[in-house]
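Just work-v1.cif here, mmCIF, C-alpha atoms, pLDDT in the B column; chains and numbers go by the auth columns:
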```cif
data_query
loop_
_atom_site.group_PDB
_atom_site.id
_atom_site.type_symbol
_atom_site.label_atom_id
_atom_site.label_comp_id
_atom_site.label_asym_id
_atom_site.label_seq_id
_atom_site.Cartn_x
_atom_site.Cartn_y
_atom_site.Cartn_z
_atom_site.B_iso_or_equiv
_atom_site.auth_seq_id
_atom_site.auth_asym_id
ATOM 1 C CA MET A 1 2.132 -10.308 14.627 45.00 255 V
ATOM 2 C CA SER A 2 3.379 -13.774 15.513 46.00 256 V
ATOM 3 C CA GLY A 3 6.535 -15.552 14.340 49.00 257 V
ATOM 4 C CA GLY A 4 5.028 -16.252 10.909 62.00 258 V
ATOM 5 C CA GLU A 5 5.251 -12.588 9.903 58.00 259 V
ATOM 6 C CA PHE A 6 8.367 -12.832 7.750 60.00 260 V
ATOM 7 C CA GLU A 7 7.187 -16.022 6.079 64.00 261 V
ATOM 8 C CA LEU A 8 3.867 -14.357 5.183 59.00 262 V
ATOM 9 C CA ILE A 9 5.692 -11.315 3.798 58.00 263 V
ATOM 10 C CA GLN A 10 8.051 -13.443 1.727 59.00 264 V
ATOM 11 C CA GLN A 11 5.338 -15.742 0.429 58.00 265 V
ATOM 12 C CA HIS A 12 2.547 -13.227 -0.260 54.00 266 V
ATOM 13 C CA LEU A 13 3.790 -9.637 -0.206 57.00 267 V
ATOM 14 C CA SER A 14 7.311 -9.479 -1.603 55.00 268 V
ATOM 15 C CA ALA A 15 6.462 -9.286 -5.320 57.00 269 V
ATOM 16 C CA LEU A 16 3.271 -7.244 -5.551 63.00 270 V
ATOM 17 C CA GLY A 17 2.406 -4.690 -8.186 65.00 271 V
ATOM 18 C CA ALA A 18 4.303 -3.441 -11.176 61.00 272 V
ATOM 19 C CA ASN A 19 8.028 -3.968 -11.663 67.00 273 V
ATOM 20 C CA ARG A 20 9.225 -0.370 -12.080 70.00 274 V
ATOM 21 C CA ALA A 21 12.725 0.805 -12.953 73.00 275 V
ATOM 22 C CA ASP A 22 12.381 3.710 -10.498 73.00 276 V
ATOM 23 C CA VAL A 23 12.379 1.376 -7.461 71.00 277 V
ATOM 24 C CA GLY A 24 15.890 0.824 -6.130 64.00 278 V
ATOM 25 C CA LEU A 25 14.898 -1.081 -2.990 62.00 279 V
ATOM 26 C CA GLY A 26 11.395 -2.321 -2.296 65.00 280 V
ATOM 27 C CA VAL A 27 9.616 -4.859 -0.112 64.00 281 V
ATOM 28 C CA GLY A 28 11.734 -6.728 2.394 60.00 282 V
ATOM 29 C CA ASP A 29 13.753 -3.950 3.977 56.00 283 V
ATOM 30 C CA ASP A 30 12.920 -1.413 6.670 62.00 284 V
ATOM 31 C CA ALA A 31 12.683 1.364 4.107 68.00 285 V
ATOM 32 C CA ALA A 32 12.161 1.718 0.378 72.00 286 V
ATOM 33 C CA LEU A 33 14.363 3.546 -2.071 71.00 287 V
ATOM 34 C CA VAL A 34 12.676 5.171 -5.070 75.00 288 V
ATOM 35 C CA ASP A 35 14.159 7.321 -7.803 75.00 289 V
ATOM 36 C CA PRO A 36 11.645 10.028 -8.734 82.00 290 V
ATOM 37 C CA THR A 37 12.069 11.756 -12.058 82.00 291 V
ATOM 38 C CA PRO A 38 14.294 14.845 -11.645 86.00 292 V
ATOM 39 C CA SER A 39 12.258 18.023 -11.084 84.00 293 V
ATOM 40 C CA ALA A 40 9.124 16.019 -10.275 85.00 294 V
ATOM 41 C CA ASP A 41 6.902 16.970 -7.375 90.00 295 V
ATOM 42 C CA LEU A 42 5.516 14.193 -5.190 90.00 296 V
ATOM 43 C CA ARG A 43 2.040 13.916 -3.716 93.00 297 V
ATOM 44 C CA CYS A 44 0.732 11.300 -1.313 92.00 298 V
ATOM 45 C CA ALA A 45 -2.727 9.976 -0.502 94.00 299 V
ATOM 46 C CA CYS A 46 -3.697 7.466 2.184 92.00 300 V
ATOM 47 C CA MET A 47 -6.678 5.244 2.990 94.00 301 V
ATOM 48 C CA CYS A 48 -7.375 2.698 5.729 93.00 302 V
ATOM 49 C CA ILE A 49 -9.721 -0.244 5.201 89.00 303 V
ATOM 50 C CA ALA A 50 -11.197 -2.217 8.095 87.00 304 V
ATOM 51 C CA LEU A 51 -10.865 -5.803 6.878 82.00 305 V
ATOM 52 C CA CYS A 52 -12.819 -7.309 9.759 72.00 306 V
ATOM 53 C CA ALA A 53 -16.020 -5.831 8.307 59.00 307 V
ATOM 54 C CA GLN A 54 -15.467 -7.514 4.930 60.00 308 V
ATOM 55 C CA SER A 55 -16.459 -11.006 3.952 64.00 309 V
ATOM 56 C CA ALA A 56 -13.686 -13.018 2.312 64.00 310 V
ATOM 57 C CA GLN A 57 -15.317 -12.551 -1.111 67.00 311 V
ATOM 58 C CA GLY A 58 -15.685 -8.803 -0.538 82.00 312 V
ATOM 59 C CA ILE A 59 -12.056 -8.030 0.251 84.00 313 V
ATOM 60 C CA GLY A 60 -10.864 -7.962 -3.360 84.00 314 V
ATOM 61 C CA PRO A 61 -13.389 -5.410 -4.628 88.00 315 V
ATOM 62 C CA VAL A 62 -12.921 -3.213 -1.533 88.00 316 V
ATOM 63 C CA VAL A 63 -9.127 -3.165 -1.903 88.00 317 V
ATOM 64 C CA GLU A 64 -9.377 -2.528 -5.639 88.00 318 V
ATOM 65 C CA SER A 65 -11.884 0.293 -5.044 91.00 319 V
ATOM 66 C CA ALA A 66 -9.613 1.914 -2.443 93.00 320 V
ATOM 67 C CA LEU A 67 -6.633 1.875 -4.781 92.00 321 V
ATOM 68 C CA GLN A 68 -8.801 3.254 -7.594 92.00 322 V
ATOM 69 C CA GLN A 69 -10.009 6.081 -5.342 94.00 323 V
ATOM 70 C CA LEU A 70 -6.467 6.950 -4.250 95.00 324 V
ATOM 71 C CA SER A 71 -5.256 6.862 -7.859 94.00 325 V
ATOM 72 C CA THR A 72 -8.109 9.187 -8.855 95.00 326 V
ATOM 73 C CA VAL A 73 -7.210 11.644 -6.081 94.00 327 V
ATOM 74 C CA LEU A 74 -3.653 11.816 -7.388 95.00 328 V
ATOM 75 C CA ARG A 75 -4.581 11.911 -11.084 94.00 329 V
ATOM 76 C CA ASP A 76 -7.171 14.657 -10.518 95.00 330 V
ATOM 77 C CA ALA A 77 -4.377 16.769 -9.037 92.00 331 V
ATOM 78 C CA GLY A 78 -2.135 16.081 -12.062 93.00 332 V
ATOM 79 C CA PHE A 79 0.005 13.366 -10.463 94.00 333 V
ATOM 80 C CA ILE A 80 0.759 9.906 -11.846 93.00 334 V
ATOM 81 C CA PRO A 81 0.494 7.176 -9.182 95.00 335 V
ATOM 82 C CA ALA A 82 3.792 5.305 -8.880 93.00 336 V
ATOM 83 C CA TRP A 83 4.491 3.701 -5.478 92.00 337 V
ATOM 84 C CA ALA A 84 2.357 2.101 -2.775 92.00 338 V
ATOM 85 C CA THR A 85 3.315 1.380 0.805 90.00 339 V
ATOM 86 C CA LEU A 86 1.030 -0.952 2.766 89.00 340 V
ATOM 87 C CA ALA A 87 0.346 -1.412 6.458 89.00 341 V
ATOM 88 C CA LEU A 88 -1.374 -4.713 7.188 87.00 342 V
ATOM 89 C CA THR A 89 -2.698 -5.351 10.678 89.00 343 V
ATOM 90 C CA LEU A 90 -3.927 -8.818 11.653 85.00 344 V
ATOM 91 C CA ALA A 91 -4.990 -10.424 14.934 84.00 345 V
ATOM 92 C CA HIS A 92 -2.927 -13.500 14.013 81.00 346 V
ATOM 93 C CA ALA A 93 -0.922 -14.774 11.032 74.00 347 V
ATOM 94 C CA ASP A 94 -3.901 -15.540 8.778 77.00 348 V
ATOM 95 C CA GLU A 95 -2.417 -16.886 5.548 79.00 349 V
ATOM 96 C CA ARG A 96 -5.770 -17.013 3.746 82.00 350 V
ATOM 97 C CA LEU A 97 -6.554 -13.359 4.499 82.00 351 V
ATOM 98 C CA VAL A 98 -3.043 -12.251 3.552 82.00 352 V
ATOM 99 C CA HIS A 99 -3.376 -14.114 0.245 84.00 353 V
ATOM 100 C CA LEU A 100 -6.743 -12.457 -0.527 87.00 354 V
ATOM 101 C CA VAL A 101 -5.396 -8.987 0.275 86.00 355 V
ATOM 102 C CA ALA A 102 -2.143 -9.565 -1.620 87.00 356 V
ATOM 103 C CA ASP A 103 -3.975 -10.828 -4.691 88.00 357 V
ATOM 104 C CA ALA A 104 -6.294 -7.805 -4.743 90.00 358 V
ATOM 105 C CA VAL A 105 -3.437 -5.342 -4.199 89.00 359 V
ATOM 106 C CA HIS A 106 -1.345 -7.009 -6.897 89.00 360 V
ATOM 107 C CA ARG A 107 -4.120 -6.891 -9.515 89.00 361 V
ATOM 108 C CA ALA A 108 -5.033 -3.287 -8.743 90.00 362 V
ATOM 109 C CA CYS A 109 -1.407 -2.119 -8.736 90.00 363 V
ATOM 110 C CA LEU A 110 -0.694 -3.807 -12.065 90.00 364 V
ATOM 111 C CA THR A 111 -3.720 -2.051 -13.568 90.00 365 V
ATOM 112 C CA HIS A 112 -2.287 1.343 -12.569 89.00 366 V
ATOM 113 C CA ASN A 113 1.449 0.553 -13.050 92.00 367 V
ATOM 114 C CA ILE A 114 2.083 0.990 -9.323 92.00 368 V
ATOM 115 C CA ALA A 115 4.937 -0.742 -7.517 90.00 369 V
ATOM 116 C CA VAL A 116 4.439 -1.922 -3.945 89.00 370 V
ATOM 117 C CA ILE A 117 7.625 -0.710 -2.280 86.00 371 V
ATOM 118 C CA GLY A 118 7.193 -1.811 1.313 82.00 372 V
ATOM 119 C CA GLY A 119 5.117 -1.453 4.406 82.00 373 V
ATOM 120 C CA ASP A 120 4.546 -2.856 7.829 81.00 374 V
ATOM 121 C CA THR A 121 2.771 -5.805 9.397 81.00 375 V
ATOM 122 C CA THR A 122 1.462 -5.518 12.943 84.00 376 V
ATOM 123 C CA SER A 123 -0.853 -7.215 15.410 88.00 377 V
ATOM 124 C CA GLY A 124 -4.337 -5.900 16.037 90.00 378 V
ATOM 125 C CA GLU A 125 -7.747 -5.663 14.459 89.00 379 V
ATOM 126 C CA ALA A 126 -7.637 -6.604 10.771 88.00 380 V
ATOM 127 C CA SER A 127 -7.041 -3.558 8.574 90.00 381 V
ATOM 128 C CA LEU A 128 -5.109 -2.482 5.525 91.00 382 V
ATOM 129 C CA THR A 129 -3.708 1.006 5.057 94.00 383 V
ATOM 130 C CA ILE A 130 -2.567 2.011 1.576 94.00 384 V
ATOM 131 C CA PHE A 131 -0.215 4.970 1.244 93.00 385 V
ATOM 132 C CA LEU A 132 0.018 5.912 -2.439 95.00 386 V
ATOM 133 C CA THR A 133 2.616 8.320 -3.843 93.00 387 V
ATOM 134 C CA GLY A 134 2.535 9.884 -7.276 94.00 388 V
ATOM 135 C CA GLN A 135 4.749 12.288 -9.183 93.00 389 V
ATOM 136 C CA ALA A 136 4.131 15.211 -11.524 92.00 390 V
ATOM 137 C CA TRP A 137 6.254 17.460 -13.645 80.00 391 V
ATOM 138 C CA ILE A 138 4.574 20.762 -12.866 66.00 392 V
ATOM 139 C CA ARG A 139 7.502 23.111 -12.374 56.00 393 V
#
```
Go ahead and render the structure in this file as structure tokens.
Amino acid sequence: MSGGEFELIQQHLSALGANRADVGLGVGDDAALVDPTPSADLRCACMCIALCAQSAQGIGPVVESALQQLSTVLRDAGFIPAWATLALTLAHADERLVHLVADAVHRACLTHNIAVIGGDTTSGEASLTIFLTGQAWIR
């Protein structure tokens, strides 16, 4: 992605989702630091969305549906969704598209009490990958 990458992250992606006490270090660093509940097992689910196939108005519902599906996968296995990591790929620094994606991710994560803890931005065909981690006390 071009030189506007860090500005887009700071402006649109640095404060997404729920504010959770179990996040020690989130968006803005090369890695996140989470504090799972002791004795909890973790489970991850991932989905990639091709944004180029979506109209601007359709991005929100598609992102919200993807997060709902990932949350359901985790919940059906007995896990509570907690942390999301995003990978956003764009052909160029498209502030409007980043805003639409960020808004949809933020709303969906708040609904499920999920913190966005980091991710990656790269150049290429427009897509969003959501990596969702949940925890369960099954031991």
(message) To one decimal place in Å, what is the distance between atom CA of V:Asp330 and atom CA of V:Gly373?
(response)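 Atom CA of V:Asp330 sits 25.2 Å away from atom CA of V:Gly373.
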(message) Can you tell me which residues surround V:Ala275 at a distance of at most 10 Å, considering only C-alpha atoms, apart from same-chain residues fewer than 5 positions away, and format the answer as number ranges by chain?
(response) V: 288-289, 369
(request) Carefully work through the PyMOL selection byres ((chain V and resi 295) around 12) for this structure and note down the residues it includes, as a count of residues only. (result) 21
(message) Under the rule that only C-alpha atoms are counted, which of V:His360, V:Val316, V:Cys306, V:Leu340 is the nearest residue to V:Phe385?
(response)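 Using only C-alpha atoms, the shortest distance to V:Phe385 belongs to V:Leu340.
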(request) Any chance you could resolve the PyMOL selection byres ((chain V and resi 342) around 7) against this file and give the residues as a ChimeraX atom specification? (result) /V:340-341,343-344,374-376,381-383
(request) Between atom CA of V:Ser377 and atom CA of V:Ala338, measure the distance and give it in Å to one decimal. (result)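 So the answer is 20.7 Å.
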(request) Report the distance between atom CA of V:Ile313 and atom CA of V:Arg274 in Å, rounded to one decimal place. (result) 25.8 Å
(message) When you count only C-alpha atoms, which of these residues is closest to V:Ala345: V:Ile303, V:Ala286, V:Ala380, V:Leu324?
(response)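 Between V:Ile303, V:Ala286, V:Ala380, V:Leu324, the residue approaching V:Ala345 most closely is V:Ala380.
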Six-sided padding of 3 Å per side, axis-aligned box over stretch 317-323 of chain V, centre and edges in Å, one decimal, as lines of an AutoDock Vina configuration file:
```
center_x = -9.3
center_y = 1.5
center_z = -4.7
size_x = 11.3
size_y = 15.2
size_z = 11.7
```
(request) Rank V:Leu386, V:Val370, V:Val277, V:Met301 by their smallest atom-to-atom distance to V:Ala356, using all atoms listed in the file, and report the top residue only. (result)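 Ranking V:Leu386, V:Val370, V:Val277, V:Met301 by distance to V:Ala356, first place goes to V:Val370.
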Atoms are missing here; could stretch 359-372 of chain V be completed with N, CA and C atoms and written as a PDB file, keeping the file's coordinate frame?
```
ATOM      1  N   VAL V 359      -4.399  -6.443  -4.056  1.00 89.00           N
ATOM      2  CA  VAL V 359      -3.437  -5.342  -4.199  1.00 89.00           C
ATOM      3  C   VAL V 359      -2.625  -5.525  -5.473  1.00 89.00           C
ATOM      4  N   HIS V 360      -2.161  -6.730  -5.715  1.00 89.00           N
ATOM      5  CA  HIS V 360      -1.345  -7.009  -6.897  1.00 89.00           C
ATOM      6  C   HIS V 360      -2.099  -6.663  -8.184  1.00 89.00           C
ATOM      7  N   ARG V 361      -3.325  -7.157  -8.306  1.00 89.00           N
ATOM      8  CA  ARG V 361      -4.120  -6.891  -9.515  1.00 89.00           C
ATOM      9  C   ARG V 361      -4.358  -5.395  -9.708  1.00 89.00           C
ATOM     10  N   ALA V 362      -4.739  -4.716  -8.640  1.00 90.00           N
ATOM     11  CA  ALA V 362      -5.033  -3.287  -8.743  1.00 90.00           C
ATOM     12  C   ALA V 362      -3.775  -2.486  -9.068  1.00 90.00           C
ATOM     13  N   CYS V 363      -2.656  -2.839  -8.465  1.00 90.00           N
ATOM     14  CA  CYS V 363      -1.407  -2.119  -8.736  1.00 90.00           C
ATOM     15  C   CYS V 363      -0.928  -2.350 -10.164  1.00 90.00           C
ATOM     16  N   LEU V 364      -1.071  -3.552 -10.667  1.00 90.00           N
ATOM     17  CA  LEU V 364      -0.694  -3.807 -12.065  1.00 90.00           C
ATOM     18  C   LEU V 364      -1.534  -2.972 -13.016  1.00 90.00           C
ATOM     19  N   THR V 365      -2.824  -2.842 -12.724  1.00 90.00           N
ATOM     20  CA  THR V 365      -3.720  -2.051 -13.568  1.00 90.00           C
ATOM     21  C   THR V 365      -3.246  -0.607 -13.688  1.00 90.00           C
ATOM     22  N   HIS V 366      -2.689  -0.065 -12.605  1.00 89.00           N
ATOM     23  CA  HIS V 366      -2.287   1.343 -12.569  1.00 89.00           C
ATOM     24  C   HIS V 366      -0.778   1.549 -12.674  1.00 89.00           C
ATOM     25  N   ASN V 367      -0.017   0.482 -12.968  1.00 92.00           N
ATOM     26  CA  ASN V 367       1.449   0.553 -13.050  1.00 92.00           C
ATOM     27  C   ASN V 367       2.077   1.097 -11.763  1.00 92.00           C
ATOM     28  N   ILE V 368       1.608   0.576 -10.643  1.00 92.00           N
ATOM     29  CA  ILE V 368       2.083   0.990  -9.323  1.00 92.00           C
ATOM     30  C   ILE V 368       2.922  -0.133  -8.732  1.00 92.00           C
ATOM     31  N   ALA V 369       4.086   0.223  -8.207  1.00 90.00           N
ATOM     32  CA  ALA V 369       4.937  -0.742  -7.517  1.00 90.00           C
ATOM     33  C   ALA V 369       4.637  -0.698  -6.015  1.00 90.00           C
ATOM     34  N   VAL V 370       4.519  -1.857  -5.402  1.00 89.00           N
ATOM     35  CA  VAL V 370       4.439  -1.922  -3.945  1.00 89.00           C
ATOM     36  C   VAL V 370       5.878  -1.916  -3.444  1.00 89.00           C
ATOM     37  N   ILE V 371       6.226  -0.905  -2.653  1.00 86.00           N
ATOM     38  CA  ILE V 371       7.625  -0.710  -2.280  1.00 86.00           C
ATOM     39  C   ILE V 371       7.926  -1.056  -0.828  1.00 86.00           C
ATOM     40  N   GLY V 372       6.924  -1.437  -0.067  1.00 82.00           N
ATOM     41  CA  GLY V 372       7.193  -1.811   1.313  1.00 82.00           C
ATOM     42  C   GLY V 372       5.970  -1.619   2.173  1.00 82.00           C
TER      43      GLY V 372
END
```
